[in-house]
>>> print(open('structure15.pdb').read())   # PDB, N, CA and C atoms and all ligand atoms
ATOM      1  N   MET A  26    -223.589 -77.088  48.173
ATOM      2  CA  MET A  26    -222.472 -78.035  48.240
ATOM      3  C   MET A  26    -221.439 -77.716  47.160
ATOM      4  N   LYS A  27    -220.198 -77.794  47.536
ATOM      5  CA  LYS A  27    -219.124 -77.487  46.595
ATOM      6  C   LYS A  27    -218.973 -78.612  45.572
ATOM      7  N   GLN A  28    -218.843 -78.234  44.312
ATOM      8  CA  GLN A  28    -218.656 -79.245  43.264
ATOM      9  C   GLN A  28    -217.189 -79.632  43.164
ATOM     10  N   ARG A  29    -216.984 -80.883  42.804
ATOM     11  CA  ARG A  29    -215.607 -81.310  42.524
ATOM     12  C   ARG A  29    -215.132 -80.634  41.249
ATOM     13  N   PRO A  30    -213.824 -80.397  41.140
ATOM     14  CA  PRO A  30    -213.304 -79.842  39.871
ATOM     15  C   PRO A  30    -213.422 -80.859  38.751
ATOM     16  N   LEU A  31    -213.600 -80.344  37.555
ATOM     17  CA  LEU A  31    -213.645 -81.232  36.390
ATOM     18  C   LEU A  31    -212.250 -81.783  36.117
ATOM     19  N   ARG A  32    -212.210 -83.016  35.681
ATOM     20  CA  ARG A  32    -210.943 -83.632  35.279
ATOM     21  C   ARG A  32    -211.062 -84.068  33.834
ATOM     22  N   ARG A  33    -209.932 -84.020  33.127
ATOM     23  CA  ARG A  33    -209.903 -84.542  31.773
ATOM     24  C   ARG A  33    -209.148 -85.868  31.822
ATOM     25  N   SER A  34    -209.744 -86.908  31.304
ATOM     26  CA  SER A  34    -209.126 -88.226  31.319
ATOM     27  C   SER A  34    -209.224 -88.853  29.944
ATOM     28  N   THR A  35    -208.459 -89.926  29.774
ATOM     29  CA  THR A  35    -208.548 -90.701  28.549
ATOM     30  C   THR A  35    -209.273 -92.001  28.858
ATOM     31  N   CYS A  36    -210.319 -92.288  28.093
ATOM     32  CA  CYS A  36    -211.093 -93.503  28.314
ATOM     33  C   CYS A  36    -210.231 -94.736  28.072
ATOM     34  N   GLU A  37    -210.257 -95.664  29.009
ATOM     35  CA  GLU A  37    -209.468 -96.888  28.843
ATOM     36  C   GLU A  37    -210.136 -97.849  27.869
ATOM     37  N   GLY A  38    -211.382 -97.575  27.497
ATOM     38  CA  GLY A  38    -212.076 -98.436  26.556
ATOM     39  C   GLY A  38    -211.849 -98.013  25.121
ATOM     40  N   CYS A  39    -212.008 -96.735  24.827
ATOM     41  CA  CYS A  39    -211.954 -96.282  23.439
ATOM     42  C   CYS A  39    -210.878 -95.227  23.212
ATOM     43  N   SER A  40    -210.124 -94.871  24.241
ATOM     44  CA  SER A  40    -209.004 -93.922  24.148
ATOM     45  C   SER A  40    -209.440 -92.492  23.828
ATOM     46  N   ARG A  41    -210.717 -92.222  23.925
ATOM     47  CA  ARG A  41    -211.173 -90.858  23.701
ATOM     48  C   ARG A  41    -210.995 -90.039  24.978
ATOM     49  N   THR A  42    -210.807 -88.748  24.780
ATOM     50  CA  THR A  42    -210.744 -87.843  25.919
ATOM     51  C   THR A  42    -212.156 -87.603  26.432
ATOM     52  N   PHE A  43    -212.307 -87.652  27.742
ATOM     53  CA  PHE A  43    -213.619 -87.338  28.311
ATOM     54  C   PHE A  43    -213.438 -86.532  29.578
ATOM     55  N   TYR A  44    -214.526 -85.938  30.034
ATOM     56  CA  TYR A  44    -214.481 -85.056  31.191
ATOM     57  C   TYR A  44    -215.380 -85.607  32.278
ATOM     58  N   SER A  45    -214.903 -85.530  33.502
ATOM     59  CA  SER A  45    -215.673 -86.081  34.598
ATOM     60  C   SER A  45    -215.315 -85.364  35.885
ATOM     61  N   ARG A  46    -216.259 -85.325  36.811
ATOM     62  CA  ARG A  46    -215.954 -84.797  38.130
ATOM     63  C   ARG A  46    -215.527 -85.891  39.099
ATOM     64  N   SER A  47    -215.680 -87.137  38.688
ATOM     65  CA  SER A  47    -215.284 -88.220  39.576
ATOM     66  C   SER A  47    -213.807 -88.559  39.386
ATOM     67  N   PRO A  48    -213.016 -88.536  40.456
ATOM     68  CA  PRO A  48    -211.596 -88.878  40.303
ATOM     69  C   PRO A  48    -211.384 -90.355  39.999
ATOM     70  N   LEU A  49    -212.422 -91.159  40.110
ATOM     71  CA  LEU A  49    -212.282 -92.595  39.914
ATOM     72  C   LEU A  49    -212.685 -93.056  38.523
ATOM     73  N   SER A  50    -213.323 -92.199  37.740
ATOM     74  CA  SER A  50    -213.843 -92.706  36.466
ATOM     75  C   SER A  50    -212.717 -92.908  35.470
ATOM     76  N   ARG A  51    -212.745 -94.049  34.800
ATOM     77  CA  ARG A  51    -211.693 -94.415  33.848
ATOM     78  C   ARG A  51    -212.262 -94.593  32.461
ATOM     79  N   PHE A  52    -213.572 -94.488  32.327
ATOM     80  CA  PHE A  52    -214.219 -94.753  31.044
ATOM     81  C   PHE A  52    -215.184 -93.623  30.721
ATOM     82  N   CYS A  53    -215.406 -93.380  29.413
ATOM     83  CA  CYS A  53    -216.302 -92.294  29.020
ATOM     84  C   CYS A  53    -217.753 -92.672  29.254
ATOM     85  N   ASN A  54    -218.056 -93.956  29.265
ATOM     86  CA  ASN A  54    -219.424 -94.379  29.542
ATOM     87  C   ASN A  54    -219.433 -95.844  29.991
ATOM     88  N   SER A  55    -220.598 -96.311  30.394
ATOM     89  CA  SER A  55    -220.669 -97.662  30.959
ATOM     90  C   SER A  55    -220.460 -98.731  29.899
ATOM     91  N   THR A  56    -220.744 -98.406  28.636
ATOM     92  CA  THR A  56    -220.504 -99.380  27.558
ATOM     93  C   THR A  56    -219.013 -99.699  27.463
ATOM     94  N   CYS A  57    -218.191 -98.667  27.465
ATOM     95  CA  CYS A  57    -216.742 -98.869  27.401
ATOM     96  C   CYS A  57    -216.270 -99.629  28.639
ATOM     97  N   GLN A  58    -216.835 -99.299  29.768
ATOM     98  CA  GLN A  58    -216.407 -99.942  31.002
ATOM     99  C   GLN A  58    -216.667-101.445  30.966
ATOM    100  N   SER A  59    -217.885-101.839  30.609
ATOM    101  CA  SER A  59    -218.192-103.274  30.632
ATOM    102  C   SER A  59    -217.461-104.002  29.513
ATOM    103  N   ARG A  60    -217.310-103.348  28.355
ATOM    104  CA  ARG A  60    -216.597-103.986  27.249
ATOM    105  C   ARG A  60    -215.137-104.236  27.631
ATOM    106  N   THR A  61    -214.516-103.252  28.268
ATOM    107  CA  THR A  61    -213.108-103.394  28.643
ATOM    108  C   THR A  61    -212.942-104.463  29.710
ATOM    109  N   TRP A  62    -213.861-104.533  30.643
ATOM    110  CA  TRP A  62    -213.763-105.566  31.673
ATOM    111  C   TRP A  62    -213.817-106.956  31.050
ATOM    112  N   LYS A  63    -214.739-107.125  30.092
ATOM    113  CA  LYS A  63    -214.849-108.426  29.431
ATOM    114  C   LYS A  63    -213.559-108.752  28.686
ATOM    115  N   GLN A  64    -213.018-107.752  27.989
ATOM    116  CA  GLN A  64    -211.762-107.964  27.258
ATOM    117  C   GLN A  64    -210.646-108.347  28.215
ATOM    118  N   ASN A  65    -210.564-107.650  29.328
ATOM    119  CA  ASN A  65    -209.487-107.913  30.272
ATOM    120  C   ASN A  65    -209.552-109.342  30.788
ATOM    121  N   ASN A  66    -210.756-109.881  30.904
ATOM    122  CA  ASN A  66    -210.892-111.209  31.471
ATOM    123  C   ASN A  66    -210.350-112.291  30.546
ATOM    124  N   LYS A  67    -210.286-112.009  29.239
ATOM    125  CA  LYS A  67    -209.719-113.021  28.351
ATOM    126  C   LYS A  67    -208.515-112.513  27.572
ATOM    127  N   ALA A  68    -207.943-111.420  28.028
ATOM    128  CA  ALA A  68    -206.805-110.849  27.322
ATOM    129  C   ALA A  68    -205.546-111.668  27.566
ATOM    130  N   THR A  69    -204.685-111.674  26.583
ATOM    131  CA  THR A  69    -203.371-112.303  26.745
ATOM    132  C   THR A  69    -202.453-111.338  27.492
ATOM    133  N   GLN A  70    -201.323-111.845  27.928
ATOM    134  CA  GLN A  70    -200.363-110.974  28.609
ATOM    135  C   GLN A  70    -199.897-109.847  27.688
ATOM    136  N   ALA A  71    -199.722-110.142  26.409
ATOM    137  CA  ALA A  71    -199.286-109.104  25.465
ATOM    138  C   ALA A  71    -200.332-107.994  25.362
ATOM    139  N   GLU A  72    -201.611-108.396  25.347
ATOM    140  CA  GLU A  72    -202.685-107.396  25.282
ATOM    141  C   GLU A  72    -202.748-106.598  26.570
ATOM    142  N   LEU A  73    -202.562-107.289  27.680
ATOM    143  CA  LEU A  73    -202.569-106.593  28.968
ATOM    144  C   LEU A  73    -201.418-105.597  29.046
ATOM    145  N   GLU A  74    -200.280-105.970  28.459
ATOM    146  CA  GLU A  74    -199.146-105.054  28.467
ATOM    147  C   GLU A  74    -199.496-103.774  27.709
ATOM    148  N   GLN A  75    -200.178-103.911  26.560
ATOM    149  CA  GLN A  75    -200.593-102.733  25.795
ATOM    150  C   GLN A  75    -201.533-101.861  26.614
ATOM    151  N   LEU A  76    -202.465-102.488  27.322
ATOM    152  CA  LEU A  76    -203.403-101.737  28.155
ATOM    153  C   LEU A  76    -202.652-101.009  29.263
ATOM    154  N   PHE A  77    -201.651-101.697  29.818
ATOM    155  CA  PHE A  77    -200.880-101.100  30.902
ATOM    156  C   PHE A  77    -200.118 -99.875  30.398
ATOM    157  N   ILE A  78    -199.512 -99.998  29.226
ATOM    158  CA  ILE A  78    -198.757 -98.869  28.659
ATOM    159  C   ILE A  78    -199.701 -97.687  28.427
ATOM    160  N   ALA A  79    -200.876 -97.953  27.866
ATOM    161  CA  ALA A  79    -201.849 -96.884  27.618
ATOM    162  C   ALA A  79    -202.257 -96.226  28.932
ATOM    163  N   GLN A  80    -202.416 -97.042  29.950
ATOM    164  CA  GLN A  80    -202.805 -96.536  31.265
ATOM    165  C   GLN A  80    -201.724 -95.626  31.841
ATOM    166  N   GLU A  81    -200.475 -96.046  31.717
ATOM    167  CA  GLU A  81    -199.376 -95.236  32.243
ATOM    168  C   GLU A  81    -199.250 -93.931  31.472
ATOM    169  N   GLN A  82    -199.488 -93.991  30.161
ATOM    170  CA  GLN A  82    -199.422 -92.774  29.356
ATOM    171  C   GLN A  82    -200.520 -91.799  29.759
ATOM    172  N   ALA A  83    -201.705 -92.329  30.036
ATOM    173  CA  ALA A  83    -202.811 -91.475  30.457
ATOM    174  C   ALA A  83    -202.475 -90.810  31.785
ATOM    175  N   LYS A  84    -201.874 -91.581  32.693
ATOM    176  CA  LYS A  84    -201.477 -91.027  33.992
ATOM    177  C   LYS A  84    -200.474 -89.908  33.808
ATOM    178  N   GLN A  85    -199.522 -90.135  32.914
ATOM    179  CA  GLN A  85    -198.487 -89.149  32.669
ATOM    180  C   GLN A  85    -199.095 -87.857  32.118
ATOM    181  N   GLN A  86    -200.065 -88.016  31.217
ATOM    182  CA  GLN A  86    -200.747 -86.843  30.656
ATOM    183  C   GLN A  86    -201.439 -86.056  31.754
ATOM    184  N   GLU A  87    -202.071 -86.769  32.673
ATOM    185  CA  GLU A  87    -202.743 -86.095  33.782
ATOM    186  C   GLU A  87    -201.747 -85.324  34.618
ATOM    187  N   GLN A  88    -200.597 -85.943  34.867
ATOM    188  CA  GLN A  88    -199.569 -85.270  35.663
ATOM    189  C   GLN A  88    -199.107 -83.998  34.969
ATOM    190  N   GLU A  89    -198.924 -84.075  33.668
ATOM    191  CA  GLU A  89    -198.484 -82.898  32.930
ATOM    192  C   GLU A  89    -199.511 -81.784  33.012
ATOM    193  N   LEU A  90    -200.786 -82.168  32.985
ATOM    194  CA  LEU A  90    -201.841 -81.154  33.095
ATOM    195  C   LEU A  90    -201.803 -80.492  34.466
ATOM    196  N   LEU A  91    -201.561 -81.311  35.486
ATOM    197  CA  LEU A  91    -201.549 -80.781  36.854
ATOM    198  C   LEU A  91    -200.371 -79.856  37.078
ATOM    199  N   ASN A  92    -199.277 -80.115  36.364
ATOM    200  CA  ASN A  92    -198.065 -79.328  36.565
ATOM    201  C   ASN A  92    -198.105 -77.992  35.848
ATOM    202  N   ASP A  93    -199.106 -77.795  35.014
ATOM    203  CA  ASP A  93    -199.179 -76.535  34.270
ATOM    204  C   ASP A  93    -199.256 -75.325  35.189
TER     205      ASP A  93
HETATM  206 ZN    ZN B   1    -214.848 -94.838  25.937
END
>>> encode(input="structure15.pdb", output="structure tokens")
Amino acid sequence: MKQRPLRRSTCEGCSRTFYSRSPLSRFCNSTCQSRTWKQNNKATQAELEQLFIAQEQAKQQEQELLND
């Protein structure tokens, strides 16, 4: 079976760079994933805005990598 290509992403929980073959993974591990979900559930709009900006920046970085 053919393997998916590796992707480099930025963890939405701890902002570290991580590598994954899943195009859907947004976190370096399940700890970051559950912690971020809990935070999101009680985050203020200002905090959510910061998360959104970080998310858009990560997307932009991915695009730049793809354009190489
Ligand atoms: Zn993480």
>>> resolve_selection(input="structure15.pdb", expression="the PyMOL selection byres (((not hetatm) and name CA) within 6 of (chain B and resi 1))", output="list in words")
Cys36, Gly38, Cys39, Arg41, Phe52, Cys53, Asn54 and Cys57 of chain A
>>> residues_around(input="structure15.pdb", residues="Trp62 in chain A", least_positions_apart="3", cutoff="12 Å", atoms="only C-alpha atoms", output="list in words")
Glu37, Gly38, Arg51, Phe52, Ser55, Thr56, Cys57, Gln58, Ser59, Asn65, Asn66, Lys67, Ala68, Leu73 and Leu76 of chain A
>>> select_by_dssp(input="structure15.pdb", residues="chain A", states="strand (DSSP E)", output="ChimeraX atom specification")
/A:32-35,42-45
>>> resolve_selection(input="structure15.pdb", expression="the PyMOL selection byres (((chain A and resi 29) around 8) and not hetatm)", output="PyMOL selection string")
chain A and resi 26-28+30-32+45-48
>>> residues_around(input="structure15.pdb", residues="Glu87 in chain A", least_positions_apart="5", cutoff="10 Å", atoms="only C-alpha atoms", output="list in words")
Arg32, Arg33, Ser34, Thr35, Glu81, Gln82 and Asn92 of chain A
>>> atom_distance(input="structure15.pdb", atom1="CA of Gln80 in chain A", atom2="atom C of Ser50 in chain A")
11.4 Å
>>> select_by_dssp(input="structure15.pdb", residues="range 29-92 of chain A", states="helix (DSSP H, G or I)", output="MDAnalysis selection string")
chainID A and resid 55:67 70:92
>>> atom_distance(input="structure15.pdb", atom1="atom C of Glu72 in chain A", atom2="atom C of Leu91 in chain A")
28.8 Å
>>> atom_distance(input="structure15.pdb", atom1="CA of Gln85 in chain A", atom2="CA of Lys63 in chain A")
25.5 Å
>>> axis_aligned_box(input="structure15.pdb", around="range 65-81 of chain A", padding_each_side="6 Å", output="lines of an AutoDock Vina configuration file")
center_x = -204.8
center_y = -103.5
center_z = 28.8
size_x = 24.1
size_y = 31.1
size_z = 19.0
